[in-house]
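Peer 1: The structure file entry_39.cif (mmCIF, C-alpha atoms and all ligand atoms) is provided below.
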data_coords
#
loop_
_atom_site.label_atom_id
_atom_site.label_comp_id
_atom_site.auth_asym_id
_atom_site.auth_seq_id
_atom_site.Cartn_x
_atom_site.Cartn_y
_atom_site.Cartn_z
CA MET R 1 0.00 0.00 0.00
CA GLY R 2 1.32 3.48 -0.83
CA ALA R 3 1.84 6.24 1.71
CA ARG R 4 -0.90 8.64 2.74
CA ILE R 5 -0.03 11.96 1.15
CA ILE R 6 -0.07 14.78 3.69
CA ASP R 7 -1.68 17.66 1.82
CA GLY R 8 -0.10 20.84 3.18
CA ARG R 9 -2.49 23.04 1.21
CA LEU R 10 -5.47 21.39 2.91
CA VAL R 11 -4.00 21.62 6.42
CA ALA R 12 -2.92 25.22 5.76
CA ALA R 13 -6.45 26.11 4.59
CA GLU R 14 -7.88 24.60 7.78
CA ILE R 15 -5.52 26.67 9.96
CA ARG R 16 -6.10 29.82 7.89
CA GLY R 17 -9.83 29.41 8.56
CA GLU R 18 -9.06 29.43 12.30
CA VAL R 19 -6.71 32.42 11.91
CA LYS R 20 -9.30 34.39 9.93
CA ALA R 21 -11.96 33.78 12.58
CA ARG R 22 -9.58 34.88 15.35
CA ALA R 23 -8.53 37.99 13.39
CA ALA R 24 -12.20 38.91 12.88
CA LYS R 25 -12.83 38.49 16.61
CA LEU R 26 -10.02 40.94 17.39
CA ALA R 27 -11.14 43.34 14.64
CA ALA R 28 -14.62 43.40 16.18
CA LYS R 29 -12.92 44.69 19.35
CA GLY R 30 -11.04 47.37 17.40
CA ILE R 31 -7.70 45.60 16.88
CA VAL R 32 -6.72 44.60 13.34
CA PRO R 33 -3.66 42.33 13.56
CA GLY R 34 -0.88 43.99 11.58
CA LEU R 35 2.23 42.47 10.03
CA ALA R 36 5.18 44.58 8.87
CA VAL R 37 7.44 43.03 6.25
CA ILE R 38 10.78 44.61 5.38
CA LEU R 39 12.60 43.65 2.21
CA VAL R 40 16.08 44.89 1.35
CA GLY R 41 17.12 44.43 -2.29
CA LEU R 42 15.25 42.91 -5.19
CA ASP R 43 15.99 39.20 -4.93
CA PRO R 44 13.18 37.64 -7.06
CA ALA R 45 12.51 34.75 -4.63
CA SER R 46 12.34 37.14 -1.64
CA LEU R 47 10.10 39.49 -3.61
CA SER R 48 7.68 36.67 -4.39
CA TYR R 49 7.61 35.59 -0.69
CA VAL R 50 6.82 39.17 0.34
CA THR R 51 4.02 39.40 -2.23
CA ALA R 52 2.61 36.07 -1.01
CA LYS R 53 2.66 37.31 2.60
CA GLU R 54 0.88 40.53 1.62
CA LYS R 55 -1.81 38.54 -0.23
CA ALA R 56 -2.25 36.08 2.66
CA CYS R 57 -2.71 38.99 5.11
CA ALA R 58 -5.36 40.58 2.90
CA GLU R 59 -7.24 37.29 2.46
CA ASN R 60 -7.37 36.58 6.19
CA GLY R 61 -8.25 39.96 7.66
CA LEU R 62 -4.76 41.10 8.70
CA ALA R 63 -3.26 44.48 7.81
CA SER R 64 0.16 44.46 6.16
CA PHE R 65 2.80 47.15 6.04
CA GLU R 66 5.53 46.63 3.46
CA VAL R 67 8.78 48.49 3.21
CA LYS R 68 10.94 47.72 0.19
CA MET R 69 14.42 49.18 0.50
CA PRO R 70 17.24 49.27 -2.08
CA ALA R 71 20.10 46.75 -1.83
CA GLU R 72 22.54 49.53 -0.87
CA THR R 73 20.51 50.48 2.24
CA SER R 74 22.81 50.95 5.23
CA GLN R 75 22.43 48.92 8.39
CA GLU R 76 21.51 52.07 10.35
CA GLU R 77 18.73 52.92 7.86
CA LEU R 78 17.34 49.40 8.19
CA LEU R 79 17.56 49.47 12.00
CA ALA R 80 15.68 52.77 11.99
CA VAL R 81 12.79 51.13 10.08
CA VAL R 82 12.74 48.18 12.51
CA ARG R 83 12.66 50.60 15.48
CA ARG R 84 9.85 52.58 13.84
CA PHE R 85 7.75 49.41 13.55
CA ASN R 86 8.66 48.42 17.13
CA ALA R 87 6.98 51.64 18.23
CA ASP R 88 4.02 51.52 15.82
CA SER R 89 0.86 50.36 17.63
CA ARG R 90 -0.78 49.22 14.36
CA VAL R 91 2.03 46.67 13.90
CA HIS R 92 1.94 43.47 15.98
CA GLY R 93 4.42 41.39 14.00
CA ILE R 94 7.68 42.35 12.27
CA LEU R 95 9.44 40.23 9.70
CA VAL R 96 12.72 41.08 8.03
CA GLN R 97 12.99 39.04 4.86
CA LEU R 98 16.22 37.03 4.82
CA PRO R 99 18.83 36.82 3.43
CA LEU R 100 20.00 40.41 3.81
CA PRO R 101 22.75 41.96 1.65
CA LYS R 102 26.23 40.97 2.85
CA HIS R 103 27.15 44.41 4.29
CA ILE R 104 24.31 44.15 6.84
CA ASP R 105 24.73 42.19 10.08
CA GLU R 106 21.67 39.91 10.19
CA LYS R 107 22.09 39.20 13.90
CA ALA R 108 22.08 42.92 14.76
CA VAL R 109 18.92 43.45 12.73
CA ILE R 110 17.04 40.45 14.11
CA GLY R 111 18.18 41.35 17.63
CA THR R 112 16.59 44.81 17.25
CA ILE R 113 13.09 43.42 16.64
CA ALA R 114 10.98 43.78 19.80
CA PRO R 115 10.58 40.21 21.14
CA GLU R 116 6.81 40.69 21.53
CA LYS R 117 6.62 41.43 17.76
CA ASP R 118 9.11 38.73 16.67
CA VAL R 119 6.58 36.59 14.79
CA ASP R 120 9.35 34.72 12.95
CA GLY R 121 10.65 33.53 16.33
CA PHE R 122 14.27 34.32 15.40
CA THR R 123 15.35 36.69 18.21
CA PRO R 124 17.62 35.17 20.88
CA ILE R 125 14.92 35.84 23.49
CA ASN R 126 12.32 33.85 21.57
CA VAL R 127 14.76 31.04 20.82
CA GLY R 128 15.58 30.83 24.53
CA ARG R 129 11.92 30.77 25.47
CA MET R 130 11.27 28.04 22.90
CA VAL R 131 14.03 25.87 24.34
CA LEU R 132 12.67 26.44 27.86
CA ASP R 133 9.15 25.63 26.65
CA GLU R 134 7.90 29.04 27.76
CA PRO R 135 5.29 31.12 25.89
CA CYS R 136 6.95 32.44 22.73
CA PHE R 137 6.61 32.65 18.97
CA LEU R 138 7.65 29.41 17.33
CA PRO R 139 9.61 29.72 14.07
CA CYS R 140 7.10 29.29 11.28
CA THR R 141 8.46 26.39 9.21
CA PRO R 142 9.24 24.11 12.19
CA ALA R 143 5.88 25.00 13.78
CA GLY R 144 4.21 24.14 10.46
CA VAL R 145 5.95 20.76 10.39
CA ILE R 146 4.62 19.92 13.87
CA GLU R 147 1.09 20.93 12.83
CA LEU R 148 1.30 18.71 9.74
CA ILE R 149 2.40 15.74 11.84
CA LYS R 150 -0.21 16.28 14.56
CA ARG R 151 -3.14 17.06 12.29
CA SER R 152 -2.38 14.01 10.13
CA GLY R 153 -2.74 11.71 13.14
CA VAL R 154 0.86 10.48 13.03
CA PRO R 155 1.69 8.87 16.41
CA THR R 156 4.48 10.84 18.07
CA ASP R 157 4.51 9.66 21.69
CA GLY R 158 7.72 7.67 22.08
CA ALA R 159 8.37 7.78 18.33
CA ARG R 160 11.95 7.93 17.09
CA ALA R 161 12.47 11.07 15.02
CA VAL R 162 15.43 11.89 12.80
CA VAL R 163 15.97 15.47 11.61
CA VAL R 164 18.36 15.79 8.67
CA GLY R 165 19.78 19.34 8.90
CA ARG R 166 20.75 21.57 11.84
CA SER R 167 20.15 25.13 10.64
CA ASN R 168 19.02 27.76 13.13
CA ILE R 169 15.79 28.37 11.24
CA VAL R 170 14.66 24.79 10.54
CA GLY R 171 16.67 21.84 11.92
CA LYS R 172 17.55 23.03 15.42
CA PRO R 173 14.11 24.44 16.29
CA LEU R 174 12.54 21.22 14.98
CA MET R 175 14.76 19.20 17.27
CA ASN R 176 13.49 21.32 20.18
CA LEU R 177 9.84 21.01 19.20
CA LEU R 178 9.92 17.26 18.56
CA VAL R 179 11.45 16.62 21.97
CA ARG R 180 8.77 18.65 23.84
CA LYS R 181 6.51 16.60 26.12
CA SER R 182 3.53 17.53 23.91
CA VAL R 183 5.18 15.64 21.02
CA ASN R 184 7.38 13.31 23.07
CA ALA R 185 9.62 11.94 20.33
CA THR R 186 13.17 10.70 20.85
CA VAL R 187 15.23 12.84 18.53
CA THR R 188 18.42 12.39 16.54
CA ILE R 189 19.76 15.28 14.48
CA CYS R 190 21.98 14.61 11.46
CA HIS R 191 24.26 16.96 9.51
CA THR R 192 27.28 16.83 7.19
CA GLY R 193 29.39 15.43 10.04
CA THR R 194 27.07 12.43 10.47
CA LYS R 195 28.97 9.30 9.51
CA ASP R 196 26.21 7.05 8.24
CA LEU R 197 23.01 8.95 7.47
CA ALA R 198 21.14 5.83 6.32
CA LEU R 199 21.88 4.05 9.60
CA HIS R 200 20.04 6.79 11.55
CA VAL R 201 17.20 7.35 9.09
CA ARG R 202 16.43 3.62 9.00
CA GLU R 203 15.63 3.72 12.74
CA ALA R 204 13.16 6.60 12.42
CA ASP R 205 9.39 6.53 12.78
CA ILE R 206 9.42 10.19 11.73
CA VAL R 207 11.97 11.58 9.27
CA VAL R 208 12.20 15.32 8.69
CA ALA R 209 14.46 16.20 5.77
CA CYS R 210 15.72 19.79 5.86
CA ALA R 211 19.16 19.66 4.22
CA GLY R 212 18.48 21.46 0.95
CA LYS R 213 19.90 18.51 -1.04
CA PRO R 214 17.58 17.12 -3.72
CA GLY R 215 16.88 13.41 -3.34
CA LEU R 216 19.21 12.99 -0.33
CA VAL R 217 16.77 10.69 1.48
CA THR R 218 16.08 7.57 -0.57
CA ALA R 219 13.44 4.86 -0.22
CA GLU R 220 16.10 2.34 0.82
CA MET R 221 16.90 4.41 3.91
CA LEU R 222 13.33 4.38 5.21
CA LYS R 223 11.66 2.14 7.76
CA PRO R 224 8.42 0.83 6.22
CA GLY R 225 5.38 2.76 7.45
CA CYS R 226 7.33 5.78 8.73
CA CYS R 227 6.26 9.40 8.36
CA VAL R 228 8.38 11.50 5.99
CA ILE R 229 8.23 15.29 6.12
CA ASP R 230 10.17 16.93 3.32
CA VAL R 231 11.09 20.54 4.07
CA GLY R 232 13.59 20.82 1.22
CA VAL R 233 12.83 23.12 -1.69
CA ASN R 234 15.41 22.72 -4.44
CA ARG R 235 15.37 24.01 -7.99
CA VAL R 236 16.46 21.30 -10.41
CA GLU R 237 16.95 21.94 -14.11
CA ASP R 238 14.17 20.62 -16.32
CA PRO R 239 14.25 21.79 -19.95
CA SER R 240 10.86 20.11 -20.56
CA VAL R 241 9.05 22.86 -18.60
CA ALA R 242 8.74 26.50 -19.64
CA LYS R 243 10.51 27.85 -16.53
CA GLY R 244 13.50 25.57 -17.21
CA TYR R 245 13.42 24.14 -13.69
CA ARG R 246 11.11 22.36 -11.29
CA LEU R 247 10.99 22.13 -7.53
CA LYS R 248 12.23 18.98 -5.86
CA GLY R 249 12.41 18.07 -2.19
CA ASP R 250 15.19 16.39 -0.24
CA VAL R 251 13.37 13.06 -0.51
CA ASP R 252 13.04 10.78 -3.53
CA PHE R 253 9.25 11.16 -3.41
CA GLU R 254 8.21 8.54 -6.01
CA ALA R 255 10.11 5.67 -4.46
CA ALA R 256 9.72 6.82 -0.85
CA SER R 257 5.94 7.03 -1.11
CA LYS R 258 5.89 3.26 -1.77
CA VAL R 259 7.64 2.55 1.55
CA ALA R 260 6.49 5.32 3.91
CA GLY R 261 3.18 5.41 5.79
CA TRP R 262 2.80 9.18 5.39
CA ILE R 263 4.70 11.60 3.17
CA THR R 264 4.59 15.28 2.21
CA PRO R 265 4.96 16.27 -1.45
CA VAL R 266 7.10 19.15 -2.76
CA PRO R 267 5.51 21.49 -3.63
CA GLY R 268 2.26 21.35 -1.64
CA GLY R 269 3.57 19.94 1.64
CA VAL R 270 5.48 22.05 4.14
CA GLY R 271 5.61 25.14 1.89
CA PRO R 272 2.00 26.33 2.38
CA MET R 273 2.37 25.96 6.16
CA THR R 274 5.10 28.55 6.63
CA ILE R 275 3.09 31.69 5.78
CA THR R 276 0.08 30.19 7.56
CA MET R 277 2.01 29.90 10.82
CA LEU R 278 3.26 33.46 10.33
CA LEU R 279 -0.35 34.66 10.17
CA ALA R 280 -1.19 32.61 13.27
CA ASN R 281 1.77 34.12 15.15
CA THR R 282 0.73 37.64 14.13
CA VAL R 283 -2.79 37.11 15.47
CA ASP R 284 -1.27 35.70 18.69
CA ALA R 285 0.96 38.78 18.93
CA ALA R 286 -2.00 41.13 18.44
CA ALA R 287 -3.95 39.32 21.16
CA ARG R 288 -1.03 39.39 23.60
CA ILE R 289 -0.10 43.02 22.97
CA SER R 290 -3.69 44.23 23.18
CA GLY R 291 -4.57 41.98 26.11
CA LEU R 292 -7.69 40.85 24.24
CA GLU R 293 -8.84 37.30 23.66
CA ALA R 294 -8.78 36.07 20.07
P1 LIG R 301 20.78 25.36 5.46
O1 LIG R 301 20.92 26.53 6.37
O2 LIG R 301 21.61 25.27 4.24
O3 LIG R 301 21.05 24.05 6.35
C1 LIG R 301 21.10 22.78 5.78
C2 LIG R 301 21.46 21.78 6.83
O4 LIG R 301 21.49 20.49 6.22
C3 LIG R 301 22.84 22.00 7.46
O5 LIG R 301 22.75 21.79 8.86
C4 LIG R 301 23.71 20.94 6.80
O6 LIG R 301 24.71 20.41 7.64
C5 LIG R 301 22.70 19.83 6.51
N1 LIG R 301 23.11 19.03 5.38
C6 LIG R 301 23.45 19.46 4.12
N2 LIG R 301 23.81 18.42 3.35
C7 LIG R 301 23.70 17.31 4.12
C8 LIG R 301 23.95 15.94 3.89
N3 LIG R 301 24.37 15.48 2.71
N4 LIG R 301 23.74 15.08 4.92
C9 LIG R 301 23.32 15.51 6.13
N5 LIG R 301 23.06 16.81 6.40
C10 LIG R 301 23.25 17.70 5.41
O7 LIG R 301 19.28 25.19 4.98
P2 LIG R 301 17.88 25.63 5.65
O8 LIG R 301 17.73 27.08 5.58
O9 LIG R 301 17.71 24.93 6.95
O10 LIG R 301 16.89 24.98 4.59
C11 LIG R 301 16.88 23.61 4.32
C12 LIG R 301 15.96 23.33 3.16
O11 LIG R 301 14.63 23.68 3.55
C13 LIG R 301 16.25 24.15 1.90
O12 LIG R 301 15.95 23.37 0.77
C14 LIG R 301 15.26 25.30 2.00
O13 LIG R 301 14.92 25.83 0.73
C15 LIG R 301 14.09 24.61 2.64
N6 LIG R 301 13.19 25.50 3.38
C16 LIG R 301 11.87 25.39 3.11
C17 LIG R 301 10.98 26.18 3.78
C18 LIG R 301 9.51 26.05 3.48
O14 LIG R 301 8.74 26.92 3.83
N7 LIG R 301 9.08 24.96 2.87
C19 LIG R 301 11.42 27.09 4.73
C20 LIG R 301 12.79 27.15 5.02
C21 LIG R 301 13.66 26.34 4.33
P3 LIG R 301 25.94 21.30 8.23
O15 LIG R 301 25.36 22.08 9.36
O16 LIG R 301 26.91 20.30 8.68
O17 LIG R 301 26.40 22.16 7.09
#
Could you spell out this file's structure in structure tokens?
Peer 2:
Amino acid sequence: MGARIIDGRLVAAEIRGEVKARAAKLAAKGIVPGLAVILVGLDPASLSYVTAKEKACAENGLASFEVKMPAETSQEELLAVVRRFNADSRVHGILVQLPLPKHIDEKAVIGTIAPEKDVDGFTPINVGRMVLDEPCFLPCTPAGVIELIKRSGVPTDGARAVVVGRSNIVGKPLMNLLVRKSVNATVTICHTGTKDLALHVREADIVVACAGKPGLVTAEMLKPGCCVIDVGVNRVEDPSVAKGYRLKGDVDFEAASKVAGWITPVPGGVGPMTITMLLANTVDAAARISGLEA
């Protein structure tokens, strides 16, 4: 029997319905949740993410405030915009689109975002709170992965989970979320220093691939019936399509879906969850800042 396909668009739509209802509840009390997005430079991928965020806000009853700055913007100019949004009562969430141009210190910029408006969950204060399991904003992609697993009915209590990738924005936060009591998995995290990736993956009831390497996780590595969450988004050349490329995950989807019990496709798996969790965090921020229930 083939794997159940976890449809990220469907789960995202379900959560967006909840977010929209909560935003409307706040709006009825005079608070429209507001998200500020700051983009420096004209990277086409970043530009399309920013446009998607703006559209998602409009569709779900959130206000959005975009600032697009030229690539040569100085760090001080960018920090001034962040500080302005920190002080703006219409703004409940602030997101600085990464990556930033090389002359700007990303850590300094992220560290300037007010923690109560850090809806990406990237400030050191939020990361610390996440690790301590205290109220915080969870980083959007890892939080989306946990929602996909939970809402698909994948058993997690006592499950063995393997995360392939240890970045600060995906792999490490996932490790922290999977090990929480509310998920209760036993977690192994793999990276380029891992000696035998297959050995670890084969043990896993839940595999989360977030390495950014197309096809890294093969069907042969998987334990039959496991859950495979593919975070990877990789452009691979494909002259047969007009764009000249297609998107591929870190997992060999065709073969893996014959072995796994659950699997996410790319696109249409984790991708739609990221902006959805950002909207959810922004509504949470608006509720916390205003002291109103949403
Ligand atoms: P990243 O910062 O490049 O980190 C990749 C991680 O994978 C690193 O820890 C690296 O190990 C590890 N890795 C690379 N090759 C490996 C290999 N052969 N075996 C084991 N580990 C390996 O990437 P990221 O920002 O976390 O993103 C990962 C992927 O997720 C990318 O494809 C990205 O596009 C995608 N992504 C998707 C979403 C979404 O919304 N769907 C959001 C964010 C990211 P070292 O630490 O040893 O270098």
Peer 1: So which one's closest to Leu95 in chain R, R:Arg129, R:Leu279, R:Arg235, R:His200? Using all atoms listed in the file, please.
Peer 2: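 Checking each of R:Arg129, R:Leu279, R:Arg235, R:His200 against Leu95 in chain R, counting all atoms listed in the file, the winner is R:Leu279.
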Peer 1: Within 7 Å of ligand LIG 301 (chain R), which residues show up when you count all atoms listed in the file? List them as a list in words, please.
Peer 2: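 Protein and nucleic-acid residues within 7 Å of ligand LIG 301 (chain R): Thr141, Val164, Gly165, Arg166, Ser167, Asn168, Ile169, Val170, Gly171, Cys190, His191, Thr192, Gly193, Thr194, Leu197, Cys210, Ala211, Gly212, Lys213, Leu216, Val231, Gly232, Val233, Asn234, Val270, Gly271, Pro272, Met273 and Thr274 of chain R.
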Peer 1: Nearest to Ala255 in chain R: which of R:Pro101, R:Pro267, R:Pro124, R:Gly2 is it, counting all atoms listed in the file?
Peer 2: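 Between R:Pro101, R:Pro267, R:Pro124, R:Gly2, the residue approaching Ala255 in chain R most closely is R:Gly2.
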Peer 1: Give me, please, the distance in Å between CA of Pro155 in chain R and CA of Pro142 in chain R, quoted to one decimal.
Peer 2: 17.5 Å
Peer 1: Interatomic distance between CA of Glu66 in chain R and CA of Leu39 in chain R?
Peer 2: 7.8 Å
Peer 1: Which of these residues is nearest to Ala285 in chain R, using only C-alpha atoms: R:Leu222, R:Ile125, R:Ile189, R:Leu62?
Peer 2: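 For Ala285 in chain R, the nearest of the given residues is R:Leu62.
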Peer 1: Taking all atoms listed in the file into account, which of R:Asn126, R:Ser48, R:Thr264, R:Thr218 comes nearest Ile149 in chain R?
Peer 2: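 Of the candidates, the smallest distance to Ile149 in chain R is held by R:Thr264.
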